[in-house]
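Remarks on the structure that follows.
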Amino acid sequence: MSAHSEVKRVTTHTLQEMKLRKEKISCLTAYDFSLAQIVDAAGVDLILVGDSASNVIAGHETTLPITLDQMIFMAQAVVKGARRALVVVDLPFGSYQGNSEEALRSAIRIMKESGAHAVKMEGGLEIKESITRILSAGVPVMGHLGLTPQSIYKFGTYTVRAKEEAEAQKLIEDAQMLDAVGCFAMVLEKIPSVLTKQVSEAVGVPTVGIGAGPHADGQILVLHDLLGITKEFKPRFLRRYADLHQTMHEAISHYVSDVKAREFPNQAESY
Ligand code: KIV
């Protein structure tokens, strides 16, 4: 038996079982092979190839510009690096909102060309037809409610969502719809903790929170934020587990000064 086959892959069913036995689900983003290997080996259950790559990888201000081809390129690398985690890929803006046929085509491209295990889509009732069409093709779908960054120009800000009763009610209805049509999980982004608790109790599938408090069935963060590679992004919900910005800056500056001082490479590092 190869080393590869010894690792048991997390599936959508594993996540469902984790919810039932109240074991929290750890999720993180990754966008390349090397970091996916580290994230996977550290025991993360679900890796999201998020369209947050538009910000942290491509340097765009929003998630809107990233393309389906670019998402597939990153997903291929992450799939190669992830031996255990379930790999989910964001359908990028413009690849599914138009019509359900286009949505299905985009989801199929991701599954076929990257080898990922599921797709994620932002929105509720408005995209129900696209979600059901993708699900009926056998592609697992993760929903995403609350702050949905692909709609930033509709909302105008990245502030906490669903604080008002009407928006909270719509979110609960959307969550119940996602659960009823067969999504295997849903992200709840930047909503009040009490609403996360309500939704998590109202749906059968796992909820995964980001800025949504402790009551979600799992948590997700953007890898570059958790590692402290991004410096300026400081929302209240973010806990930085390292200051890699500083560590990397020091290491690279050290390298530059060694090159300038002719101290790198030394004899042992030469042929
Ligand atoms: O794109 C992303 O990284 C996401 C997470 C923040 C949930 O959607």
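Naming scheme: A, B, ... for chains in displayed order of the structure tokens; residues 1 onward per chain; ligands 1 onward as shown.
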Show me which residues line ligand 1, defined as having an atom within 10 Å of a ligand atom where only C-alpha atoms and all ligand atoms count, and present them as JSON, numbers by chain.
{"A": [27, 28, 29, 30, 31, 47, 48, 49, 50, 51, 52, 53, 54, 55, 56, 63, 89, 90, 91, 92, 120, 121, 122, 143, 144, 145, 147, 148, 149, 150, 186, 187, 188, 189, 190, 208, 209, 210, 211, 219, 220, 221, 222, 223, 224]}
So that I can check the surroundings of stretch 195-204 of chain A, please list as a list of chain:residue names every protein, DNA and RNA residue that reaches within 7 Å of it, counting only C-alpha atoms and ignoring chain neighbours fewer than 2 positions away.
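The residues satisfying every condition are A:Ile172, A:Ala175, A:Gln176, A:Asp179, A:Ile191, A:Pro192, A:Ser193, A:Pro206, A:Thr207, A:Ala212, A:His215, A:Ala216, A:Asp217.
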Write a file of the just-selected residues containing N, CA, C and O atoms, as a PDB file, in the first residue's frame.
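And here is the file that came out, selection27.pdb:
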```pdb
ATOM      1  N   ILE A 172     -31.966  33.360   7.523  1.00  0.00           N
ATOM      2  CA  ILE A 172     -32.415  32.054   8.061  1.00  0.00           C
ATOM      3  C   ILE A 172     -33.161  31.280   6.959  1.00  0.00           C
ATOM      4  O   ILE A 172     -32.938  30.081   6.761  1.00  0.00           O
ATOM      5  N   ALA A 175     -30.690  29.972   4.475  1.00  0.00           N
ATOM      6  CA  ALA A 175     -29.945  28.834   5.044  1.00  0.00           C
ATOM      7  C   ALA A 175     -30.806  27.573   5.003  1.00  0.00           C
ATOM      8  O   ALA A 175     -30.317  26.486   4.650  1.00  0.00           O
ATOM      9  N   GLN A 176     -32.068  27.719   5.328  1.00  0.00           N
ATOM     10  CA  GLN A 176     -32.962  26.541   5.305  1.00  0.00           C
ATOM     11  C   GLN A 176     -33.137  26.031   3.880  1.00  0.00           C
ATOM     12  O   GLN A 176     -33.213  24.826   3.642  1.00  0.00           O
ATOM     13  N   ASP A 179     -30.002  24.114   2.909  1.00  0.00           N
ATOM     14  CA  ASP A 179     -30.055  22.819   3.592  1.00  0.00           C
ATOM     15  C   ASP A 179     -31.034  21.891   2.857  1.00  0.00           C
ATOM     16  O   ASP A 179     -30.716  20.739   2.536  1.00  0.00           O
ATOM     17  N   ILE A 191     -21.657  37.821  10.642  1.00  0.00           N
ATOM     18  CA  ILE A 191     -23.018  38.026  11.144  1.00  0.00           C
ATOM     19  C   ILE A 191     -22.988  37.911  12.666  1.00  0.00           C
ATOM     20  O   ILE A 191     -22.032  37.356  13.224  1.00  0.00           O
ATOM     21  N   PRO A 192     -23.995  38.415  13.366  1.00  0.00           N
ATOM     22  CA  PRO A 192     -23.985  38.338  14.825  1.00  0.00           C
ATOM     23  C   PRO A 192     -23.973  36.886  15.321  1.00  0.00           C
ATOM     24  O   PRO A 192     -24.607  36.008  14.720  1.00  0.00           O
ATOM     25  N   SER A 193     -23.293  36.677  16.450  1.00  0.00           N
ATOM     26  CA  SER A 193     -23.174  35.330  17.044  1.00  0.00           C
ATOM     27  C   SER A 193     -24.522  34.673  17.291  1.00  0.00           C
ATOM     28  O   SER A 193     -24.686  33.475  17.058  1.00  0.00           O
ATOM     29  N   PRO A 206     -23.510  21.227   8.365  1.00  0.00           N
ATOM     30  CA  PRO A 206     -22.592  22.076   9.128  1.00  0.00           C
ATOM     31  C   PRO A 206     -22.549  23.528   8.635  1.00  0.00           C
ATOM     32  O   PRO A 206     -22.594  23.776   7.429  1.00  0.00           O
ATOM     33  N   THR A 207     -22.443  24.447   9.603  1.00  0.00           N
ATOM     34  CA  THR A 207     -22.183  25.845   9.283  1.00  0.00           C
ATOM     35  C   THR A 207     -20.710  26.104   9.596  1.00  0.00           C
ATOM     36  O   THR A 207     -20.165  25.537  10.535  1.00  0.00           O
ATOM     37  N   ALA A 212     -18.276  35.147  12.644  1.00  0.00           N
ATOM     38  CA  ALA A 212     -19.669  34.808  12.958  1.00  0.00           C
ATOM     39  C   ALA A 212     -19.793  34.203  14.357  1.00  0.00           C
ATOM     40  O   ALA A 212     -20.814  33.616  14.694  1.00  0.00           O
ATOM     41  N   HIS A 215     -20.523  29.886  17.675  1.00  0.00           N
ATOM     42  CA  HIS A 215     -21.578  28.861  17.612  1.00  0.00           C
ATOM     43  C   HIS A 215     -21.655  28.103  16.291  1.00  0.00           C
ATOM     44  O   HIS A 215     -22.445  27.168  16.162  1.00  0.00           O
ATOM     45  N   ALA A 216     -20.849  28.512  15.304  1.00  0.00           N
ATOM     46  CA  ALA A 216     -20.862  27.766  14.039  1.00  0.00           C
ATOM     47  C   ALA A 216     -20.265  26.382  14.284  1.00  0.00           C
ATOM     48  O   ALA A 216     -19.503  26.174  15.230  1.00  0.00           O
ATOM     49  N   ASP A 217     -20.604  25.440  13.402  1.00  0.00           N
ATOM     50  CA  ASP A 217     -20.090  24.075  13.551  1.00  0.00           C
ATOM     51  C   ASP A 217     -18.605  23.992  13.201  1.00  0.00           C
ATOM     52  O   ASP A 217     -17.926  23.041  13.575  1.00  0.00           O
TER      53      ASP A 217
END
```
So what do you get for atom CA of A:His245 versus atom CA of A:Gly59, distance-wise?
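Distance between the two atoms: 15.8 Å.
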Select from stretch 130-226 of chain A everything DSSP, run on the backbone, classes as helix (DSSP H, G or I), then give the selection as a VMD selection string.
chain A and resid 130 to 136 149 to 155 165 to 181 193 to 202 223 to 226
Using DSSP assignments from the backbone, pull out every residue in stretch 73-253 of chain A that falls under strand (DSSP E or B) and give it to me as a PyMOL selection string.
chain A and resi 86-90+118-120+141-146+185-189+207-210+218-221
Residues just named, written with C-alpha atoms as a CSV table (one decimal), in the first residue's frame:
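Contents of out-v7.csv, freshly written:
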```
chain,number,residue,atom,x,y,z
A,86,LEU,CA,-11.7,18.1,1.5
A,87,VAL,CA,-10.9,20.6,-1.2
A,88,VAL,CA,-13.6,23.2,-2.0
A,89,VAL,CA,-13.2,25.8,-4.8
A,90,ASP,CA,-15.0,29.1,-5.0
A,118,ALA,CA,-16.8,20.5,-4.2
A,119,VAL,CA,-17.6,24.1,-5.2
A,120,LYS,CA,-18.7,27.1,-3.1
A,141,VAL,CA,-22.1,22.6,-3.2
A,142,MET,CA,-21.2,24.7,-0.1
A,143,GLY,CA,-23.3,27.8,0.4
A,144,HIS,CA,-22.1,31.2,1.6
A,145,LEU,CA,-24.4,33.7,3.3
A,146,GLY,CA,-24.1,36.9,5.3
A,185,ALA,CA,-22.4,22.9,4.3
A,186,MET,CA,-22.5,26.7,4.3
A,187,VAL,CA,-20.2,29.5,5.2
A,188,LEU,CA,-21.7,32.2,7.4
A,189,GLU,CA,-19.6,35.4,7.1
A,207,THR,CA,-22.2,25.8,9.3
A,208,VAL,CA,-18.7,27.3,9.0
A,209,GLY,CA,-18.2,30.8,10.4
A,210,ILE,CA,-15.9,33.6,9.7
A,218,GLY,CA,-16.7,25.0,12.1
A,219,GLN,CA,-14.4,28.0,11.6
A,220,ILE,CA,-12.6,29.3,8.6
A,221,LEU,CA,-10.0,32.1,8.1
```
Identify, on the basis of only C-alpha atoms, every residue whose closest approach to A:Asp174 does not exceed 9 Å; exclude the query and any residue fewer than 3 positions from it along the same chain; express the result as a CSV table (one decimal) with C-alpha atoms, in the first residue's frame.
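Contents of out01.csv, freshly written:
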```csv
chain,number,residue,atom,x,y,z
A,123,GLY,CA,-26.0,33.7,-2.2
A,124,GLY,CA,-29.4,32.4,-1.3
A,125,LEU,CA,-32.7,32.2,-3.1
A,145,LEU,CA,-24.4,33.7,3.3
A,169,GLN,CA,-35.0,36.5,8.7
A,170,LYS,CA,-34.0,36.3,5.0
A,171,LEU,CA,-30.7,34.8,6.0
A,177,MET,CA,-33.3,26.6,1.5
A,178,LEU,CA,-29.6,25.6,1.1
A,179,ASP,CA,-30.1,22.8,3.6
```
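Between A:Tyr158 and the candidates A:Thr62, A:Ile57, A:His254, A:Val79, the tightest atom-to-atom separation, counting only C-alpha atoms, involves A:Thr62.
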I need the residue nearest A:Lys112 from this list: A:Val194, A:Val259, A:Ala85, A:Val139. Use only C-alpha atoms for the distance.
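Under the stated criterion, the closest residue is A:Val139.
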Leaving out A:Asp32 and any residue of its chain fewer than 3 positions from it, which residues lie within 6 Å of it when counting only C-alpha atoms, given as a PyMOL selection string?
chain A and resi 35-36+74+77-78
So which one's closest to A:Glu61, A:Arg84, A:Lys128, A:Ser26, A:Phe233? Using only C-alpha atoms, please.
A:Phe233
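Among the candidates A:Asp225, A:Glu23, A:Glu129, A:Asp45, the one nearest to A:Glu102 when counting only C-alpha atoms is A:Glu129.
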Applying 8 Å and only C-alpha atoms, which residues near A:Arg239 remain after dropping the ones on its own chain fewer than 2 positions away? List them as a list in words.
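In the requested format, the answer is Leu226, Phe237 and Tyr241 of chain A.
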So that I can check the surroundings of A:Glu113, please list as a list in words every protein, DNA and RNA residue that reaches within 9 Å of it, counting only C-alpha atoms and ignoring chain neighbours fewer than 4 positions away.
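In the requested form, the answer reads Ile72, Phe73, Ala75, Gln76, Ile108 and Arg109 of chain A.
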